[in-house]
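These notes concern the structure reproduced below.
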Amino acid sequence: MTQQVLNAIFIGSIYALFAVGYTLVFGVLDVLNLAHSAVFMLGAVITYSLVALHGMPFLPAAIIAILVCGLLGLLIEFVALRPLRRRNAPPISALISTIGLALIFVAIVEQATPGTLFGWLWQDGANSVRFPAGTVPNPTYHLAGLTIEGTKLGILITSVVLMLVLGYVIRYTQIGRALRAVAENRRAATLLGINVDRIFASTLFLSSALGGLAGLLFGLAISDIGPYIGRDQVELKGLAVIVLGGMGSIPGAVLGGYLLGLIEVLAFVRFGSNVEAGVAFAALFLVLVLRPQGLFGARLRERL
Amino acid sequence: MDFFVQLFTNPVGFYNQHELLIAQIGINAILAIAIFVTFYSGQLTLANAGFMAIGAYTTVIMSLYLPTPLPLNMLAGALLAGLVSVVVGLPVLRLRGVFLAIATIGFVEALRLGVILNVPITGEGQGLHNPTADPLGGILPILISLPVLAYLVWRLTKSRLGQAWSAIREDELAASSNGINVPLYKMIAFIISAVLAGYAGALETHINFFVDPTEYGITRTIQILTFAVVGGTTNVFGPIVGAVFLTALPEIVRQFASYRDVVNGVILILVIIFRPQGIVGRGGLAIIRPRWWIRWRARGRTAAAH
Amino acid sequence: MGALLQLTDVRRHFGGVQAVDGVSLEVEEGTIFGLIGPNGAGKTTLVNLVTGYIRSQSGSIRLTSSGGTAELARRPPHAIAGLGIARTFQTLRLYRNLTATENVLIGMHLRRRDDTLQQLLPLRPLMRLSDRRLGEARTLLQTVGLNPDLHGDRRASTLSYGDQRRLEVARALALKPKLLILDEPAAGMNPAEKDRVRELIQKLNADGLTVLLIDHDMRLVMGVCQRIVVLNFGRKIADGPPATVSNDPAVVTAYLGSHAPESASHVPGSEEMDVAIPSKPAASTEPASPLLEVRDLEVSYGAIKAVRGVSFGVGKGEIVALIGANGAGKSTILNTLSGVLRPHSGIARFGDLDLTTAAPDKIVRAGLAQVPEGREILARLTVRENLELGGWARRDRGAAHREIGNLMKQFPILGQRQNLPAGQLSGGEQQILAIARGLLARPRLLLLDEPSLGLAPQMVDAVFEIIQRIHNEGVTILLVEQNALRALEIADRAYVVETGRILLSGTGAALRRNPEVQKAYLGG
């Protein structure tokens with residue numbers, strides 16, 4: 001059981017990291033970026049491709065992948081979001097245009113085989129792959145009867161550190177204040193001389209970089225890598241997480257991530273794997289209906 | 001291009017060769033009508049794949065275990081979807097915009113992963129073998145249902161009910177000041193949409209040998225949404241055109257078939273940015289509807305009013 | 001004739017703000033009843049309480065008609081409409097993408113039987129009812145002065161502003177109401193259009209309709225209403241026939257604002273400071289080389305022209321005031337200067353900067369800052385964070401920090417509450433914060449939009465004293481104010497804006513004596 005809880009914390013870290021990016025965009029832009037899960041997938045795919053197809057060491061590959069994902073965030077902003085903002089389109093439109101981008105990203109990977117247009121990026125079509133053994137050292141520790149894999153521990157440390165840094169930046173720096181100002185009142189922020197468009201672009205970059213990082217960590221330690229890992233593993237669960245934590249709240253997303261990890265593990269232990277898959281959505285549905293502001297108290301409800 | 005050449009030179013051969021495609025177009029068009037109804041009342045609900053699953057499973061399970069005739073089973077499937085929609089709609093329809101969309105997606109996945117995969121009677125992950133499947137005979141009911149349903153919904157949008165929906169879509173607050181019971185009319189739209197989706201699900205089982213739980217997830221939901229957005233939701237023909245267009249496209253342009261989702265994604269983004277009213281939106285109709293027709297209609301209406 | 005609508009001690013607060021504070025009133029059947037009061041007085045809240053959009057927290061709202069008496073306080077809006085109360089909205093709420101005729105047809109919703117089955121077989125002989133409805137819709141359009149042939153098939157959003165207002169009345173009339181509530185039906189209209197609104201209201205009343213009219217325009221209200229209730233800060237301050245109400249000193253004060261008290265009162269939350277008010281040279285003419293120059297500015301929202309050819313200038317070191325009633329276009333002018341709105345045509349220059357094309361952040365960086373209407377402080381950020389963001393556009397962070405320290409000394413209330421969320425400050429404290437935040441951008445020109453809006457009288461004094469003080473420190477100010485007399489007291493020059501045009505201009509002192517100003521406000 002303790003081992004299971006430990007696993008819940010590892011998977012919860014991924015959920016939290018993914019959901020923080022998701023919720024950041026919702027909090028600042030008031031838009032649900034459904035391409036986020038595709039960026040998550042690309043984070044894993046690009047890292048894999050650099051390591052396995054182009055023979056790069058893991059660390060530089062990961063950094064490049066994270067940066068590329070950040071750039072994809074800018075692509076999302078410029079292609080799918082900004083034109084709609086210019087037209088004052090309803091927020092639902094952005095939901096749909098990001099779905100369009102997600103379809104494209106996933107299909108590109110899914111159709112890539114050796115010799116095709118994107119053969120340099122991915123060669124396995126719809127199949128799943130693993131990182132070659134020994135990509136990163138993965139010592140296994142035994143502690144009080146628990147087994148801890150090095151990579152999973154790495155995930156935990158990376159995500160906690162990153163989320164603390166993010167929390168600090170948003171709480172205590174001028175950029176963070178500007179981010180919160182734009183999230184709360186776009187007009188007031190504009191009148192203060194804040195370039196709202198630039199804040200939006202930075203938000204997308206940051207959010208997507210975090211999403212890509214979450215993806216590559218996921219592929220490194222938790223699961224196989226394939227074109228559908230975003231859509232099937234985290235897209236809707238990420239939604240459940242940010243709904244649990246209150247849409248747009250970063251601390252909420254972090255707590256929600258770990259909470260979902262825990263709920264899933266409990267459901268698995270108690271009822272088996274079939275129930276585990278559905279429990280996230282039942283939670284999502286119930287929270288939206290009963291407590292649309294999220295599970296946590298007033299202090300956490302404050303966005304960002 | 002062979003596609004069109006054959007369509008016009010050899011329609012019988014075309015029909016025989018593309019039966020399954022035609023059936024799928026019909027199903028998708030009915031699903032498009034289903035999502036249109038909620039769109040028309042200003043709600044982005046993404047629960048249709050779930051209601052489809054209810055219609056499909058009910059039909060097949062009844063065929064497996066009860067001696068009832070197939071049409072009755074299909075009807076029961078559609079009605080059960082409607083019944084479930086009341087239960088789901090009561091709490092969910094209070095939500096708006098993105099939250100409504102998310103909650104309905106949550107419903108779809110909770111139904112699929114939580115219920116269908118865990119109840120033995122649905123065959124769980126294996127799905128169900130359909131004893132009454134009849135891929136060729138199944139096309140006819142689809143081809144009859146589509147125009148009938150399209151006509152009914154089209155007339156519905158012209159009725160008092162439909163006008164109340166337009167009002168709610170345009171401005172809920174103003175609608176209630178005009179005495180429109182907003183929650184009630186939203187619920188009616190949601191139920192009608194669910195029944196239509198359930199019926200489409202039931203029809204679809206008829207042409208498939210198999211009911212597969214993976215068919216009724218988020219992918220399907222997004223596909224249905226795409227029909228409505230690309231076609232446009234100013235009137236019922238928009239989503240139908242969208243469904244026909246997007247379902248047939250990969251067949252028409254074979255080179256695109258494998259990059260079908262890329263093409264769909266590009267179309268979706270282009271439409272939402274440059275033509276938010278959809279292919280058949282306001283202004284789009286002007287191409288199809290000649291000027292004299294508009295003038296003639298206007299004169300008829302003026303004459304009627306005097 | 002008895003009371004059709006009766007309100008008894010109705011209350012509603014939002015957070016700490018008493019929006020409607022124990023109002024009782026009676027609307028007699030068959031009369032035109034006026035509800036007036038300055039901006040933020042609670043008029044629209046009261047209407048929303050009556051029509052069920054907002055729940056009242058105590059008190060009763062009764063509608064008495066031939067069908068008996070009904071308590072409205074707990075009913076949903078559509079049920080209240082069903083009892084025969086129709087309304088229009090202050091901010092237009094038409095079905096923008098539907099045609100004018102469709103808008104009116106939807107208004108008939110409650111009188112229309114469900115015709116779903118009939119619509120399934122749309123044969124001519126079966127459609128007589130719907131033809132009759134169409135005929136009635138045309139009549140209603142004509143009643144409000146729209147031409148059914150010309151306007152009937154046009155989408156509502158493409159109609160002119162005045163026509164949209166009229167269409168909203170037609171849609172409300174389609175309910176065949178017992179009581180028609182008109183929320184600012186003449187806002188933003190020119191005098192000729194206002195006359196047509198007046199005629200329409202009188203005609204409807206002559207046909208037996210009871211009308212509850214809310215408007216800022218005293219001329220209109222005084223002209224048509226038999227009885228008037230005046231609200232201020234959520235309370236009833238006067239009730240009676242027009243002649244009595246318009247001479248009531250409380251009403252005049254509420255509308256024109258009070259003069260500054262003889263002895264400058266102590267500013268709550270600020271250090272006692274000797275404010276010497278220097279006698280200013282009467283610069284009645286426009287400055288030769290203005291810091292801000294505006295020529296023939298025109299701004300529209302869709303079909304609605306909010307600013308129609310406005311020209312003025314602000315010289316270095318001046319306080320210039322734009323005064324005028326609500327909806328005159330004053331805030332639109334300021335928002336255009338800040339780059340938030342784009343003008344349709346005209347020139348707006350700030351030094352070398354073309355304000356009609358420059359991005360909002362460039363404008364702030366160039367030294368033009370705005371303290372917006374409603375203050376728009378960032379409620380979830382702390383007071384200190386609000387101030388720090390005030391210096392966003394500056395490069396010298398160190399200096400900005402020192403200035404924050406100074407401001408906190410100057411306004412100790414900000415220092416004491418620096419770590420509280422700004423949303424917890426009172427209205428007046430928020431206004432001080434907003435002004436301080438504006439100053440931190442170190443503006444060469446500060447735009448102040450309605451700094452006294454919604455503030456209690458002592459707070460108004462305090463805010464004006466602060467404005468005076470920062471002006472003495474060398475900041476040029478463009479002030480938009482409804483509290484005309486107070487604004488004119490401190491302004492070097494002022495412009496009276498009405499329906500998007502400049503009506504009068506001159507020195508503050510001269511305008512204060514000008515009877516035209518009083519007339520523009522009170523319709524005397």
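Chain labels follow the order of the structure tokens: the first chain is A, the next B, and so on; residue numbering restarts at 1 in every chain, and ligands are counted from 1 in their shown order.
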Do me a favour and pick out the residues of chain A within 6 Å of chain C, using only C-alpha atoms, as a list in words.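 Written out as asked, the residues are Ala188, Gly193, Ile194 and Asn195 of chain A.
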Only residues of chain B matter here; which ones have an atom within 10 Å of chain C, counting only C-alpha atoms? Give them as a short mmCIF file (atom, residue, chain, number, x, y, z; two decimals) with C-alpha atoms, in the first residue's frame.
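Dumped to result_31.cif:
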data_model
loop_
_atom_site.label_atom_id
_atom_site.label_comp_id
_atom_site.auth_asym_id
_atom_site.auth_seq_id
_atom_site.Cartn_x
_atom_site.Cartn_y
_atom_site.Cartn_z
CA TYR B 151 -36.94 18.34 -42.11
CA LEU B 152 -38.36 17.96 -38.60
CA VAL B 153 -35.53 19.87 -36.98
CA TRP B 154 -35.63 22.53 -39.67
CA ARG B 155 -39.32 23.13 -39.01
CA LEU B 156 -38.67 23.00 -35.29
CA THR B 157 -36.29 25.91 -35.57
CA LYS B 158 -39.10 27.91 -37.17
CA SER B 159 -41.56 27.20 -34.39
CA ARG B 160 -42.10 28.99 -31.09
CA LEU B 161 -39.65 26.56 -29.53
CA GLY B 162 -36.99 27.29 -32.12
CA GLN B 163 -37.41 31.02 -31.76
CA ALA B 164 -36.99 30.70 -28.02
CA TRP B 165 -33.75 28.82 -28.69
CA SER B 166 -32.48 31.58 -30.95
CA ALA B 167 -33.32 34.13 -28.30
CA ILE B 168 -31.44 32.18 -25.63
CA ARG B 169 -28.46 31.78 -27.92
CA GLU B 170 -28.34 35.48 -28.67
CA ASP B 171 -28.90 36.78 -25.14
CA GLU B 172 -30.12 34.73 -22.19
CA LEU B 173 -30.90 37.72 -20.04
CA ALA B 174 -33.00 39.41 -22.68
CA ALA B 175 -34.74 36.12 -23.42
CA SER B 176 -35.89 35.80 -19.83
CA SER B 177 -37.17 39.37 -19.94
CA ASN B 178 -39.33 38.30 -22.86
CA GLY B 179 -40.83 35.61 -20.67
CA ILE B 180 -38.81 32.70 -22.03
CA ASN B 181 -38.19 29.99 -19.44
CA VAL B 182 -34.49 29.65 -20.17
CA ARG B 282 -25.25 33.74 -43.08
CA ALA B 298 -39.90 39.12 -49.05
CA ARG B 301 -44.26 37.88 -46.58
CA THR B 302 -45.27 41.50 -47.03
CA ALA B 303 -48.38 40.45 -48.91
CA ALA B 304 -49.27 37.98 -46.19
CA ALA B 305 -48.94 40.62 -43.52
CA HIS B 306 -51.30 43.10 -45.08
#
Using only C-alpha atoms, I'd like a table of the residues in chain B that come within 7 Å of chain A; for each, show the closest atom pair and its distance in Å rounded to one decimal, ordered by chain and ascending number, as CSV.
residue,atom,partner,partner_atom,distance
B:Pro91,CA,A:Val289,CA,5.9
B:Val92,CA,A:Val289,CA,6.1
B:Gly97,CA,A:Ile92,CA,6.7
B:Val98,CA,A:Ile92,CA,6.5
B:Ala103,CA,A:Phe285,CA,5.3
B:Gly106,CA,A:Phe281,CA,4.9
B:Phe107,CA,A:Phe285,CA,6.3
B:Glu109,CA,A:Phe281,CA,6.1
B:Ala110,CA,A:Phe281,CA,4.9
B:Leu113,CA,A:Gly278,CA,4.5
B:Gly114,CA,A:Gly278,CA,4.2
B:Leu117,CA,A:Asn274,CA,6.6
B:Asn118,CA,A:Asn274,CA,6.4
B:Ser258,CA,A:Gln111,CA,6.9
B:Tyr259,CA,A:Ala107,CA,6.6
B:Asp261,CA,A:Ala107,CA,5.7
B:Val262,CA,A:Ile104,CA,4.3
B:Gly265,CA,A:Gly100,CA,3.9
B:Val266,CA,A:Gly100,CA,6.5
B:Leu268,CA,A:Gly100,CA,5.6
B:Ile269,CA,A:Ser97,CA,5.0
B:Ile272,CA,A:Ser97,CA,6.5
B:Ile273,CA,A:Leu84,CA,6.2
Can I get the selection written as a compact mmCIF listing (two decimals), in the first residue's frame, with N, CA and C atoms?
# COMPACT_ATOMS: atom_id res chain seq x y z
N PRO B 91 -28.33 18.77 -13.47
CA PRO B 91 -27.24 19.50 -12.82
C PRO B 91 -26.33 20.24 -13.79
N VAL B 92 -26.14 19.67 -14.99
CA VAL B 92 -25.07 20.17 -15.85
C VAL B 92 -25.44 21.44 -16.60
N GLY B 97 -20.67 27.84 -21.08
CA GLY B 97 -19.44 27.95 -21.87
C GLY B 97 -18.51 26.76 -21.70
N VAL B 98 -17.26 27.07 -21.42
CA VAL B 98 -16.23 26.05 -21.33
C VAL B 98 -16.57 25.02 -20.25
N ALA B 103 -17.79 19.53 -18.52
CA ALA B 103 -18.63 18.62 -17.74
C ALA B 103 -19.23 17.54 -18.64
N GLY B 106 -16.69 15.07 -19.45
CA GLY B 106 -16.53 14.23 -18.27
C GLY B 106 -17.59 13.15 -18.23
N PHE B 107 -18.81 13.52 -18.60
CA PHE B 107 -19.89 12.53 -18.63
C PHE B 107 -19.59 11.43 -19.63
N GLU B 109 -16.75 10.34 -20.86
CA GLU B 109 -15.67 9.43 -20.48
C GLU B 109 -16.02 8.62 -19.23
N ALA B 110 -16.75 9.26 -18.30
CA ALA B 110 -17.15 8.51 -17.11
C ALA B 110 -18.08 7.38 -17.51
N LEU B 113 -15.65 4.76 -19.57
CA LEU B 113 -14.63 4.08 -18.78
C LEU B 113 -15.20 3.56 -17.46
N GLY B 114 -16.15 4.30 -16.92
CA GLY B 114 -16.66 3.93 -15.61
C GLY B 114 -17.77 2.89 -15.69
N LEU B 117 -17.20 -0.15 -19.41
CA LEU B 117 -16.10 -1.10 -19.25
C LEU B 117 -16.21 -1.92 -17.97
N ASN B 118 -17.20 -1.63 -17.15
CA ASN B 118 -17.28 -2.33 -15.87
C ASN B 118 -18.55 -3.14 -15.68
N SER B 258 -4.39 9.48 -45.63
CA SER B 258 -3.64 9.16 -44.43
C SER B 258 -3.41 10.40 -43.58
N TYR B 259 -3.38 11.57 -44.21
CA TYR B 259 -3.22 12.80 -43.43
C TYR B 259 -4.56 13.46 -43.16
N ASP B 261 -6.47 13.72 -40.58
CA ASP B 261 -6.63 14.58 -39.41
C ASP B 261 -5.90 15.91 -39.56
N VAL B 262 -4.80 15.88 -40.30
CA VAL B 262 -4.11 17.15 -40.56
C VAL B 262 -5.04 18.05 -41.36
N GLY B 265 -7.84 19.30 -39.22
CA GLY B 265 -7.37 20.33 -38.31
C GLY B 265 -7.20 21.66 -39.01
N VAL B 266 -6.59 21.62 -40.21
CA VAL B 266 -6.39 22.86 -40.95
C VAL B 266 -7.73 23.48 -41.31
N LEU B 268 -10.55 23.12 -39.83
CA LEU B 268 -11.19 23.60 -38.60
C LEU B 268 -10.64 24.99 -38.23
N ILE B 269 -9.32 25.12 -38.26
CA ILE B 269 -8.72 26.40 -37.86
C ILE B 269 -9.08 27.49 -38.87
N ILE B 272 -12.73 28.53 -38.34
CA ILE B 272 -13.04 29.28 -37.12
C ILE B 272 -12.44 30.68 -37.16
N ILE B 273 -11.33 30.82 -37.89
CA ILE B 273 -10.72 32.15 -37.94
C ILE B 273 -11.32 33.01 -39.05
For Gly167 in chain A, list every protein, DNA or RNA residue within 10 Å, evaluated using only C-alpha atoms, and leave out those in the same chain fewer than 6 positions away; present the list as an MDAnalysis selection string. chainID A and resid 161 176 250:251 304
Computed interatomic separation between CA of Thr226 in chain B and CA of Ser41 in chain B (Å): 17.5 Å
Who sits within 9 Å of Ala189 in chain B, only C-alpha atoms, same chain under 2 positions skipped, as an MDAnalysis selection string: chainID B and resid 37:41 165 184:187 191:194
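Using only C-alpha atoms, the protein and nucleic acid residues lying no more than 10 Å from Gly351 in chain C, apart from those fewer than 6 places from it along its own chain, are Ser289, Pro290, Leu291, Leu292, Glu293, Ala366 and Gly367 of chain C.
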If you keep C-alpha atoms, can you produce a file of those selected residues as an mmCIF file, in the first residue's frame?
data_model
loop_
_atom_site.group_PDB
_atom_site.id
_atom_site.type_symbol
_atom_site.label_atom_id
_atom_site.label_comp_id
_atom_site.auth_asym_id
_atom_site.auth_seq_id
_atom_site.Cartn_x
_atom_site.Cartn_y
_atom_site.Cartn_z
ATOM 1 C CA SER C 289 1.383 74.709 -27.922
ATOM 2 C CA PRO C 290 -0.695 72.156 -26.075
ATOM 3 C CA LEU C 291 0.714 69.059 -24.430
ATOM 4 C CA LEU C 292 -2.332 67.202 -25.666
ATOM 5 C CA GLU C 293 -4.105 68.185 -28.817
ATOM 6 C CA ALA C 366 5.450 58.262 -23.180
ATOM 7 C CA GLY C 367 3.955 59.698 -19.994
#
So that I can check the secondary structure, give me every residue of range 21-244 of chain A assigned strand (DSSP E) by backbone DSSP, as a PDB file with N, CA and C atoms, in the first residue's frame.
ATOM      1  N   THR A 140      18.232   1.738  -8.672  1.00  0.00           N
ATOM      2  CA  THR A 140      17.038   1.443  -7.884  1.00  0.00           C
ATOM      3  C   THR A 140      17.415   1.418  -6.413  1.00  0.00           C
ATOM      4  N   TYR A 141      16.663   2.153  -5.647  1.00  0.00           N
ATOM      5  CA  TYR A 141      16.940   2.206  -4.215  1.00  0.00           C
ATOM      6  C   TYR A 141      15.927   1.374  -3.465  1.00  0.00           C
ATOM      7  N   HIS A 142      16.377   0.735  -2.405  1.00  0.00           N
ATOM      8  CA  HIS A 142      15.441   0.002  -1.546  1.00  0.00           C
ATOM      9  C   HIS A 142      15.466   0.648  -0.180  1.00  0.00           C
ATOM     10  N   LEU A 143      14.325   1.018   0.277  1.00  0.00           N
ATOM     11  CA  LEU A 143      14.272   1.774   1.519  1.00  0.00           C
ATOM     12  C   LEU A 143      13.048   1.326   2.291  1.00  0.00           C
ATOM     13  N   LEU A 146      10.488  -0.388   0.473  1.00  0.00           N
ATOM     14  CA  LEU A 146       9.942   0.247  -0.727  1.00  0.00           C
ATOM     15  C   LEU A 146      10.988   0.221  -1.839  1.00  0.00           C
ATOM     16  N   THR A 147      10.512   0.131  -3.061  1.00  0.00           N
ATOM     17  CA  THR A 147      11.410   0.203  -4.195  1.00  0.00           C
ATOM     18  C   THR A 147      11.249   1.570  -4.842  1.00  0.00           C
ATOM     19  N   ILE A 148      12.346   2.281  -4.999  1.00  0.00           N
ATOM     20  CA  ILE A 148      12.282   3.601  -5.618  1.00  0.00           C
ATOM     21  C   ILE A 148      13.222   3.619  -6.806  1.00  0.00           C
ATOM     22  N   GLU A 149      12.667   3.891  -7.994  1.00  0.00           N
ATOM     23  CA  GLU A 149      13.520   4.005  -9.167  1.00  0.00           C
ATOM     24  C   GLU A 149      14.095   5.404  -9.231  1.00  0.00           C
TER      25      GLU A 149
END
Mind listing the alpha helix (DSSP H) residues of range 158-290 of chain B, per DSSP on the backbone, as an NGL selection string? :B and (158 or 160-170 or 172-177 or 182-207 or 218-231 or 237-252 or 260-274 or 285-288)
Skip Val109 in chain A itself and residues of its chain fewer than 2 positions away, then list as a PyMOL selection string all residues within 12 Å of it, counting only C-alpha atoms. (chain A and resi 38-39+41-46+49+102-107+111-114+116-128+225-230) or (chain B and resi 258-259+261-262)
Output C-alpha atoms for every residue in the selection just made, as a short mmCIF file (atom, residue, chain, number, x, y, z; two decimals), in the first residue's frame.
data_model
loop_
_atom_site.label_atom_id
_atom_site.label_comp_id
_atom_site.auth_asym_id
_atom_site.auth_seq_id
_atom_site.Cartn_x
_atom_site.Cartn_y
_atom_site.Cartn_z
CA ALA A 38 -0.40 17.34 -28.02
CA VAL A 39 2.52 19.48 -26.89
CA MET A 41 3.20 14.24 -26.45
CA LEU A 42 5.63 16.15 -28.67
CA GLY A 43 7.87 16.82 -25.67
CA ALA A 44 8.33 13.09 -25.29
CA VAL A 45 8.51 12.40 -29.02
CA ILE A 46 11.09 15.09 -29.76
CA SER A 49 13.80 11.35 -31.58
CA ALA A 102 -4.06 19.18 -31.58
CA LEU A 103 -5.47 17.11 -34.45
CA ILE A 104 -2.66 18.31 -36.68
CA PHE A 105 0.13 17.66 -34.16
CA VAL A 106 -1.09 14.16 -33.37
CA ALA A 107 -1.68 13.23 -37.01
CA GLN A 111 1.59 9.25 -39.95
CA ALA A 112 5.36 9.56 -39.69
CA THR A 113 7.25 6.49 -40.82
CA PRO A 114 10.73 6.19 -42.34
CA THR A 116 7.79 10.18 -45.09
CA LEU A 117 7.76 13.93 -44.67
CA PHE A 118 8.27 13.72 -40.94
CA GLY A 119 10.42 10.61 -40.94
CA TRP A 120 13.23 12.57 -39.29
CA LEU A 121 11.00 13.20 -36.30
CA TRP A 122 9.32 9.88 -35.76
CA GLN A 123 9.50 6.52 -37.45
CA ASP A 124 7.04 4.33 -35.65
CA GLY A 125 3.68 5.61 -36.84
CA ALA A 126 0.96 4.83 -34.37
CA ASN A 127 3.13 2.43 -32.39
CA SER A 128 4.70 3.02 -29.02
CA ILE A 225 6.00 6.96 -26.01
CA GLY A 226 3.54 7.20 -28.89
CA PRO A 227 1.36 9.71 -30.70
CA TYR A 228 -1.60 9.13 -28.40
CA ILE A 229 0.00 9.48 -24.98
CA GLY A 230 -1.21 13.05 -24.65
CA SER B 258 -3.64 9.16 -44.43
CA TYR B 259 -3.22 12.80 -43.43
CA ASP B 261 -6.63 14.58 -39.41
CA VAL B 262 -4.11 17.15 -40.56
#
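The nearest approach to Phe78 in chain A among the residues A:Ser202, A:Thr151, A:Ser249, A:Thr158, with only C-alpha atoms taken into account, belongs to A:Ser202.
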